[in-house]
$ cat model28.tsv   # TSV, C-alpha atoms and all ligand atoms
chain	number	residue	atom	x	y	z
A	2	MET	CA	0.00	0.00	0.00
A	3	GLU	CA	1.08	3.58	-0.58
A	4	ILE	CA	1.71	5.69	2.50
A	5	THR	CA	2.70	9.33	2.99
A	6	PHE	CA	4.41	10.54	6.14
A	7	ILE	CA	6.99	13.01	7.41
A	8	LEU	CA	10.47	11.53	7.80
A	9	ASN	CA	13.04	13.72	9.54
A	10	SER	CA	11.13	16.88	8.58
A	11	SER	CA	10.63	15.95	4.90
A	12	PRO	CA	7.47	14.45	3.37
A	13	ILE	CA	7.83	11.04	1.75
A	14	THR	CA	5.44	8.82	-0.21
A	15	ILE	CA	6.36	5.17	-0.62
A	16	ASP	CA	4.83	1.77	-1.33
A	17	VAL	CA	5.15	-0.68	1.54
A	18	PRO	CA	4.08	-4.31	1.86
A	19	SER	CA	1.34	-4.63	4.47
A	20	ASN	CA	3.52	-6.93	6.60
A	21	MET	CA	6.65	-4.73	6.60
A	22	VAL	CA	7.82	-3.24	9.90
A	23	LEU	CA	9.25	0.26	10.19
A	24	LEU	CA	12.76	-0.97	11.06
A	25	THR	CA	12.94	-2.87	7.75
A	26	LEU	CA	11.54	0.09	5.84
A	27	LEU	CA	14.15	2.42	7.32
A	28	ARG	CA	17.16	0.16	6.92
A	29	ASP	CA	16.42	-1.81	3.75
A	30	LYS	CA	14.36	0.61	1.65
A	31	LEU	CA	15.47	4.04	2.87
A	32	SER	CA	19.13	3.30	3.76
A	33	LEU	CA	18.72	4.82	7.22
A	34	THR	CA	20.73	2.36	9.28
A	35	GLY	CA	20.94	4.30	12.55
A	36	ALA	CA	18.05	2.37	14.12
A	37	LYS	CA	19.63	-0.97	15.04
A	38	PRO	CA	18.21	-4.48	14.84
A	39	GLY	CA	18.65	-6.14	18.21
A	40	CYS	CA	16.03	-8.53	19.54
A	41	GLU	CA	13.49	-7.59	16.83
A	42	VAL	CA	10.65	-8.51	19.19
A	43	GLY	CA	10.22	-5.20	21.02
A	44	SER	CA	12.38	-5.94	24.06
A	45	CYS	CA	15.77	-4.22	23.69
A	46	GLY	CA	15.07	-0.71	22.34
A	47	ALA	CA	17.99	-0.65	19.88
A	48	CYS	CA	15.53	0.19	17.10
A	49	THR	CA	13.81	3.09	18.89
A	50	VAL	CA	12.58	6.07	16.83
A	51	ILE	CA	10.21	8.93	17.67
A	52	ILE	CA	6.73	8.82	16.12
A	53	ASP	CA	4.46	11.81	16.75
A	54	GLY	CA	6.57	12.74	19.77
A	55	GLU	CA	6.63	9.31	21.40
A	56	ALA	CA	9.50	6.84	21.54
A	57	GLN	CA	8.48	3.70	19.62
A	58	LYS	CA	10.16	0.39	18.84
A	59	SER	CA	10.43	0.34	15.06
A	60	CYS	CA	10.92	-3.45	14.91
A	61	THR	CA	7.34	-4.07	15.95
A	62	TYR	CA	5.70	-1.00	14.38
A	63	ALA	CA	3.88	-1.80	11.12
A	64	ALA	CA	5.13	0.54	8.40
A	65	LYS	CA	1.58	0.98	7.05
A	66	ARG	CA	0.59	2.66	10.34
A	67	LEU	CA	2.87	5.58	9.49
A	68	ASN	CA	0.44	7.10	7.01
A	69	GLY	CA	-0.10	10.73	8.07
A	70	ARG	CA	2.37	10.54	10.95
A	71	SER	CA	5.74	12.14	11.65
A	72	VAL	CA	8.87	10.06	12.26
A	73	THR	CA	12.24	11.17	13.58
A	74	THR	CA	15.20	8.79	13.42
A	75	ILE	CA	18.68	9.24	14.84
A	76	GLU	CA	19.69	10.64	11.45
A	77	GLY	CA	17.17	13.45	11.99
A	78	VAL	CA	18.52	14.38	15.42
A	79	ALA	CA	21.98	15.48	14.28
A	80	VAL	CA	22.29	19.18	13.51
A	81	ALA	CA	23.56	20.71	10.26
A	82	ASN	CA	26.26	18.81	8.35
A	83	GLY	CA	25.64	15.67	10.42
A	84	ARG	CA	27.25	17.16	13.55
A	85	ALA	CA	26.21	15.72	16.89
A	86	ASN	CA	23.42	17.58	18.63
A	87	ASP	CA	23.72	18.64	22.27
A	88	LEU	CA	22.38	15.36	23.63
A	89	GLN	CA	24.73	13.29	21.48
A	90	GLN	CA	27.60	15.55	22.53
A	91	ALA	CA	26.67	15.09	26.20
A	92	PHE	CA	26.80	11.31	25.74
A	93	LEU	CA	30.34	11.65	24.44
A	94	GLU	CA	31.40	14.05	27.20
A	95	ASN	CA	29.91	11.89	29.97
A	96	GLY	CA	31.43	8.62	28.78
A	97	ALA	CA	27.96	7.24	28.07
A	98	VAL	CA	28.96	5.45	24.86
A	99	GLN	CA	30.87	2.20	25.00
A	100	CYS	CA	30.17	-0.37	22.26
A	101	GLY	CA	27.54	2.06	21.00
A	102	TYR	CA	25.06	-0.48	19.67
A	103	CYS	CA	22.24	0.60	21.98
A	104	ILE	CA	23.03	4.29	21.79
A	105	PRO	CA	20.89	5.43	18.80
A	106	GLY	CA	17.86	3.94	20.51
A	107	VAL	CA	18.80	5.40	23.88
A	108	ILE	CA	19.31	8.84	22.34
A	109	MET	CA	15.86	8.67	20.74
A	110	ALA	CA	14.25	7.65	24.03
A	111	GLY	CA	16.12	10.52	25.73
A	112	GLU	CA	15.08	13.04	23.09
A	113	ALA	CA	11.44	11.97	23.32
A	114	LEU	CA	11.60	12.41	27.10
A	115	LEU	CA	13.22	15.87	26.94
A	116	ARG	CA	10.67	17.07	24.39
A	117	ARG	CA	7.71	16.15	26.61
A	118	ASN	CA	9.43	16.82	29.97
A	119	PRO	CA	12.27	19.37	29.73
A	120	ALA	CA	13.24	18.95	33.39
A	121	PRO	CA	13.03	15.25	34.24
A	122	SER	CA	14.23	13.81	37.54
A	123	ARG	CA	16.82	11.03	37.46
A	124	LEU	CA	14.03	8.59	38.30
A	125	GLU	CA	11.97	9.86	35.38
A	126	ILE	CA	14.99	9.48	33.10
A	127	ARG	CA	15.47	5.89	34.25
A	128	GLN	CA	11.78	5.19	33.74
A	129	ALA	CA	11.94	6.63	30.21
A	130	LEU	CA	14.86	4.30	29.46
A	131	SER	CA	13.17	1.23	30.91
A	132	GLY	CA	12.62	-0.19	27.42
A	133	ASN	CA	16.22	0.31	26.32
A	134	LEU	CA	18.81	-2.30	27.25
A	135	CYS	CA	22.48	-1.38	27.53
A	136	ARG	CA	24.86	-4.18	28.42
A	137	CYS	CA	27.92	-1.91	28.71
A	138	THR	CA	27.45	1.29	30.64
A	139	GLY	CA	25.41	0.52	33.74
A	140	TYR	CA	23.20	3.50	32.82
A	141	VAL	CA	24.73	6.00	35.26
A	142	GLN	CA	26.62	7.91	32.57
A	143	ILE	CA	23.58	7.76	30.28
A	144	VAL	CA	21.39	9.31	32.97
A	145	ASP	CA	24.13	11.89	33.64
A	146	ALA	CA	24.19	12.84	29.95
A	147	ILE	CA	20.43	13.28	29.67
A	148	GLU	CA	20.30	15.25	32.92
A	149	ALA	CA	23.16	17.50	31.78
A	150	THR	CA	21.40	18.16	28.47
A	151	ALA	CA	18.17	19.09	30.26
A	152	GLN	CA	20.09	21.57	32.42
A	153	GLN	CA	21.95	23.01	29.44
A	154	ARG	CA	18.74	23.45	27.42
A	155	ALA	CA	17.06	25.16	30.39
A	156	LEU	CA	19.98	27.61	30.65
A	157	GLN	CA	19.82	28.33	26.92
A	158	LYS	CA	16.06	28.97	27.18
A	159	GLU	CA	16.60	31.38	30.07
A	160	GLY	CA	19.21	33.25	28.06
A	161	ALA	CA	17.12	33.39	24.88
B	201	LIG	S1	15.24	-4.55	17.94
B	201	LIG	FE1	13.41	-3.50	18.38
B	201	LIG	S2	13.18	-3.66	20.51
B	201	LIG	FE2	14.93	-4.90	20.07
B	202	LIG	S1	26.98	1.02	24.95
B	202	LIG	FE1	27.11	-1.13	24.51
B	202	LIG	S2	25.07	-1.87	24.67
B	202	LIG	FE2	25.00	0.18	25.34
$ encode --input "model28.tsv" --output "structure tokens" --more "lines below"
Ligand code: FES
Ligand code: FES
Amino acid sequence: MEITFILNSSPITIDVPSNMVLLTLLRDKLSLTGAKPGCEVGSCGACTVIIDGEAQKSCTYAAKRLNGRSVTTIEGVAVANGRANDLQQAFLENGAVQCGYCIPGVIMAGEALLRRNPAPSRLEIRQALSGNLCRCTGYVQIVDAIEATAQQRALQKEGA
């Protein structure tokens, strides 16, 4: 079936098989390989993207459901010229990236949280990451990075 949706701020119309999931559409048809295949059953969060403001597991999200919706992937989070955005930079500065496989999904879960709750507590950050598994970092640095970004964005807003 033909669907039209917004992908990283640009409209796109594409034919998708009715049984295709969003992760396959992104990686195999659109060459957007930032969302990672992990468990592919909705448990690990490596494939997380943002759909209409909410973090969603793209491995279990039917591509046909995208019609009329807005999707942001990790490729859409970077700022001009593919440079890391502030949250990605905070991950680097806080040592929150080790093997990196989970990180695109974690960043998307963090971005979705900060967009709906600009000043989350550490508990709220941990709750927002409850669907994202990281075998390397122990989460402390990840929570530090998201918290630091929230504080930095609040300062920038005050100064604007
Ligand atoms: S690959 Fe989608 S949740 Fe694990
Ligand atoms: S950094 Fe390795 S799984 Fe998270």
$ closest_atom_pairs --input "model28.tsv" --of "chain A" --to "ligand LIG 202 (chain B)" --cutoff "8 Å" --atoms "all atoms listed in the file" --output "tab-separated table"
residue	atom	partner	partner_atom	distance
A:Ala97	CA	B:LIG202	S1	7.0
A:Val98	CA	B:LIG202	S1	4.9
A:Gln99	CA	B:LIG202	S1	4.1
A:Cys100	CA	B:LIG202	FE1	3.9
A:Gly101	CA	B:LIG202	S1	4.1
A:Tyr102	CA	B:LIG202	S2	5.2
A:Cys103	CA	B:LIG202	FE2	4.4
A:Ile104	CA	B:LIG202	FE2	5.8
A:Leu134	CA	B:LIG202	S2	6.8
A:Cys135	CA	B:LIG202	FE2	3.7
A:Arg136	CA	B:LIG202	S2	4.4
A:Cys137	CA	B:LIG202	FE1	4.3
A:Thr138	CA	B:LIG202	S1	5.7
$ residues_around --input "model28.tsv" --residues "Gly54 (chain A)" --least-positions-apart "6" --cutoff "9 Å" --atoms "all atoms listed in the file" --output "tab-separated table (two decimals) with C-alpha atoms, keeping the file's coordinate frame"
chain	number	residue	atom	x	y	z
A	71	SER	CA	5.74	12.14	11.65
A	72	VAL	CA	8.87	10.06	12.26
A	73	THR	CA	12.24	11.17	13.58
A	113	ALA	CA	11.44	11.97	23.32
A	114	LEU	CA	11.60	12.41	27.10
A	116	ARG	CA	10.67	17.07	24.39
A	117	ARG	CA	7.71	16.15	26.61
$ closest_residue --input "model28.tsv" --among "A:Ser10, A:Ser19, A:Thr74, A:Asn133" --to "ligand LIG 201 (chain B)" --atoms "all atoms listed in the file"
A:Asn133
$ residues_near_ligand --input "model28.tsv" --ligand "ligand LIG 201 (chain B)" --cutoff "8 Å" --atoms "all atoms listed in the file" --output "PyMOL selection string"
chain A and resi 24+37-49+58-61+132-133
$ closest_residue --input "model28.tsv" --among "A:Thr5, A:Gln157, A:Gln128, A:Gln152" --to "Ala91 (chain A)" --atoms "only C-alpha atoms"
A:Gln152
$ residues_near_point --input "model28.tsv" --point "(0.3, 1.8, -2.4)" --cutoff "6 Å" --atoms "only C-alpha atoms" --output "MDAnalysis selection string"
chainID A and resid 2:3 16
$ atom_distance --input "model28.tsv" --atom1 "CA of Val107 (chain A)" --atom2 "CA of Arg66 (chain A)"
22.9 Å
$ atom_distance --input "model28.tsv" --atom1 "CA of Ala64 (chain A)" --atom2 "CA of Asn118 (chain A)"
27.4 Å
$ atom_distance --input "model28.tsv" --atom1 "CA of Val50 (chain A)" --atom2 "CA of Ala110 (chain A)"
7.6 Å
$ residues_around --input "model28.tsv" --residues "Glu94 (chain A)" --least-positions-apart "4" --cutoff "12 Å" --atoms "only C-alpha atoms" --output "CSV table (one decimal) with C-alpha atoms, in the frame of the given file"
chain,number,residue,atom,x,y,z
A,85,ALA,CA,26.2,15.7,16.9
A,87,ASP,CA,23.7,18.6,22.3
A,88,LEU,CA,22.4,15.4,23.6
A,89,GLN,CA,24.7,13.3,21.5
A,90,GLN,CA,27.6,15.6,22.5
A,98,VAL,CA,29.0,5.4,24.9
A,142,GLN,CA,26.6,7.9,32.6
A,143,ILE,CA,23.6,7.8,30.3
A,145,ASP,CA,24.1,11.9,33.6
A,146,ALA,CA,24.2,12.8,30.0
A,147,ILE,CA,20.4,13.3,29.7
A,149,ALA,CA,23.2,17.5,31.8
A,150,THR,CA,21.4,18.2,28.5
$ closest_residue --input "model28.tsv" --among "A:Val141, A:Val17, A:Ala151, A:Leu124" --to "Asn95 (chain A)" --atoms "only C-alpha atoms"
A:Val141
$ closest_residue --input "model28.tsv" --among "A:Lys65, A:Arg154, A:Asn20, A:Gln57" --to "Asn86 (chain A)" --atoms "all atoms listed in the file"
A:Arg154
$ closest_residue --input "model28.tsv" --among "A:Val144, A:Leu93, A:Val80, A:Ile51" --to "Glu112 (chain A)" --atoms "all atoms listed in the file"
A:Ile51
